[in-house]
Amino acid sequence: MEVVISEGKRNLKISVDIDGIKSYIENMRNDYEDEQYVWYGTSPEFGEADFKYVSKEEFDANIDKFMNSFLSHVTEDALKRIVSQFPRKKNGTFNRRNVEELASCDNCIVIHEWHNTWIYYVIKVVAWDDTTLKIELFKKTDTPC
């Protein structure tokens, strides 16, 4: 899907592969394994007495929530709002360094090598060029220090 907004002499657009992202999110349901997924910020290595892994039911509910959040951001009105509110340069075009997260999935994998790291999926808006935004699915590797 692509939405184009005219602002003065410029045509600003935003594009998203809705079917591709929906399909990928639905296929994430097949990735569940016992004792693999955790909630962000938790880990079995922290020794917390109340720690628990994400259950299959919670895993599926998190995917449903992630899908609903994604779909709420890809309506025509929502896409127009994203274009109008996205940070701009002084000349009114998009700065290609700007990225905004729209949604994140609560199913995380945690690893402990040098630092504690959580890996999960997010939907982001990225400035593809000066006049084009894209909404994409990314795997985020988050190592808060």
# chains A, B, ... in the order shown; residues from 1 in each chain; ligands from 1
>>> residues_around(residues="region 61-64 of chain A", least_positions_apart="3", cutoff="7 Å", atoms="only C-alpha atoms", output="list in words")
Glu57, Glu58, Met67, Asn68, Cys105, Asp106 and Asn107 of chain A
>>> residues_around(residues="Gly41 (chain A)", least_positions_apart="5", cutoff="9 Å", atoms="only C-alpha atoms", output="ChimeraX atom specification")
/A:110,116-118
>>> select_by_dssp(residues="chain A", states="strand (DSSP E)", output="ChimeraX atom specification")
/A:2-7,10-16,99-104,109-112,116-129,132-142
>>> atom_distance(atom1="CA of Phe59 (chain A)", atom2="CA of Glu76 (chain A)")
29.1 Å
>>> select_by_dssp(residues="region 33-127 of chain A", states="helix (DSSP H, G or I)", output="VMD selection string")
chain A and resid 44 to 46 56 to 72 76 to 85
>>> write_last_selection(atoms="C-alpha atoms", output="JSON list (two decimals), in the first residue's frame")
[["chain", "number", "residue", "atom", "x", "y", "z"],
["A", 44, "PRO", "CA", 16.27, -17.21, 34.10],
["A", 45, "GLU", "CA", 19.88, -16.24, 34.88],
["A", 46, "PHE", "CA", 18.83, -13.37, 37.17],
["A", 56, "LYS", "CA", 2.25, -20.87, 24.43],
["A", 57, "GLU", "CA", -1.01, -19.06, 25.22],
["A", 58, "GLU", "CA", 0.83, -15.86, 26.19],
["A", 59, "PHE", "CA", 3.05, -16.21, 23.11],
["A", 60, "ASP", "CA", 0.01, -16.39, 20.80],
["A", 61, "ALA", "CA", -1.69, -13.51, 22.64],
["A", 62, "ASN", "CA", 1.46, -11.38, 22.20],
["A", 63, "ILE", "CA", 1.44, -12.11, 18.48],
["A", 64, "ASP", "CA", -2.25, -11.17, 18.26],
["A", 65, "LYS", "CA", -1.53, -7.90, 20.09],
["A", 66, "PHE", "CA", 1.45, -7.20, 17.79],
["A", 67, "MET", "CA", -0.67, -7.88, 14.69],
["A", 68, "ASN", "CA", -3.51, -5.64, 15.91],
["A", 69, "SER", "CA", -1.07, -2.85, 16.70],
["A", 70, "PHE", "CA", 0.48, -3.16, 13.23],
["A", 71, "LEU", "CA", -2.91, -3.14, 11.51],
["A", 72, "SER", "CA", -3.99, -0.05, 13.45],
["A", 76, "GLU", "CA", -5.03, 5.27, 5.22],
["A", 77, "ASP", "CA", -5.75, 7.86, 7.91],
["A", 78, "ALA", "CA", -3.00, 6.50, 10.17],
["A", 79, "LEU", "CA", -0.49, 6.57, 7.30],
["A", 80, "LYS", "CA", -1.38, 10.19, 6.50],
["A", 81, "ARG", "CA", -0.93, 11.08, 10.16],
["A", 82, "ILE", "CA", 2.50, 9.39, 10.23],
["A", 83, "VAL", "CA", 3.63, 11.40, 7.19],
["A", 84, "SER", "CA", 2.40, 14.68, 8.64],
["A", 85, "GLN", "CA", 3.98, 14.07, 12.08]]
>>> decode(residues="region 47-108 of chain A", atoms="C-alpha atoms", output="tab-separated table (two decimals), in the first residue's frame")
chain	number	residue	atom	x	y	z
A	47	GLY	CA	17.70	-15.85	39.83
A	48	GLU	CA	14.33	-14.19	40.38
A	49	ALA	CA	12.00	-16.31	42.51
A	50	ASP	CA	8.94	-15.37	40.44
A	51	PHE	CA	10.55	-15.77	36.97
A	52	LYS	CA	8.53	-17.61	34.35
A	53	TYR	CA	8.92	-18.22	30.65
A	54	VAL	CA	6.29	-17.03	28.16
A	55	SER	CA	3.71	-19.82	27.78
A	56	LYS	CA	2.25	-20.87	24.43
A	57	GLU	CA	-1.01	-19.06	25.22
A	58	GLU	CA	0.83	-15.86	26.19
A	59	PHE	CA	3.05	-16.21	23.11
A	60	ASP	CA	0.01	-16.39	20.80
A	61	ALA	CA	-1.69	-13.51	22.64
A	62	ASN	CA	1.46	-11.38	22.20
A	63	ILE	CA	1.44	-12.11	18.48
A	64	ASP	CA	-2.25	-11.17	18.26
A	65	LYS	CA	-1.53	-7.90	20.09
A	66	PHE	CA	1.45	-7.20	17.79
A	67	MET	CA	-0.67	-7.88	14.69
A	68	ASN	CA	-3.51	-5.64	15.91
A	69	SER	CA	-1.07	-2.85	16.70
A	70	PHE	CA	0.48	-3.16	13.23
A	71	LEU	CA	-2.91	-3.14	11.51
A	72	SER	CA	-3.99	-0.05	13.45
A	73	HIS	CA	-0.99	1.85	12.02
A	74	VAL	CA	-1.59	0.95	8.36
A	75	THR	CA	-5.01	2.42	7.72
A	76	GLU	CA	-5.03	5.27	5.22
A	77	ASP	CA	-5.75	7.86	7.91
A	78	ALA	CA	-3.00	6.50	10.17
A	79	LEU	CA	-0.49	6.57	7.30
A	80	LYS	CA	-1.38	10.19	6.50
A	81	ARG	CA	-0.93	11.08	10.16
A	82	ILE	CA	2.50	9.39	10.23
A	83	VAL	CA	3.63	11.40	7.19
A	84	SER	CA	2.40	14.68	8.64
A	85	GLN	CA	3.98	14.07	12.08
A	86	PHE	CA	7.30	12.53	11.00
A	87	PRO	CA	10.32	14.74	11.91
A	88	ARG	CA	11.52	16.96	9.08
A	89	LYS	CA	14.57	18.90	8.06
A	90	LYS	CA	14.39	22.69	7.75
A	91	ASN	CA	13.48	22.40	4.05
A	92	GLY	CA	10.43	20.24	4.89
A	93	THR	CA	11.79	16.89	3.67
A	94	PHE	CA	12.50	13.79	5.74
A	95	ASN	CA	15.83	13.23	7.45
A	96	ARG	CA	17.04	9.76	6.47
A	97	ARG	CA	18.53	9.19	9.92
A	98	ASN	CA	15.14	9.39	11.61
A	99	VAL	CA	13.44	6.16	12.63
A	100	GLU	CA	10.32	5.75	14.74
A	101	GLU	CA	9.01	2.54	16.30
A	102	LEU	CA	5.30	1.95	15.91
A	103	ALA	CA	4.87	-1.43	17.62
A	104	SER	CA	6.91	-4.13	19.31
A	105	CYS	CA	6.26	-7.78	20.05
A	106	ASP	CA	6.47	-8.86	23.69
A	107	ASN	CA	7.99	-12.26	22.83
A	108	CYS	CA	11.73	-11.92	23.56
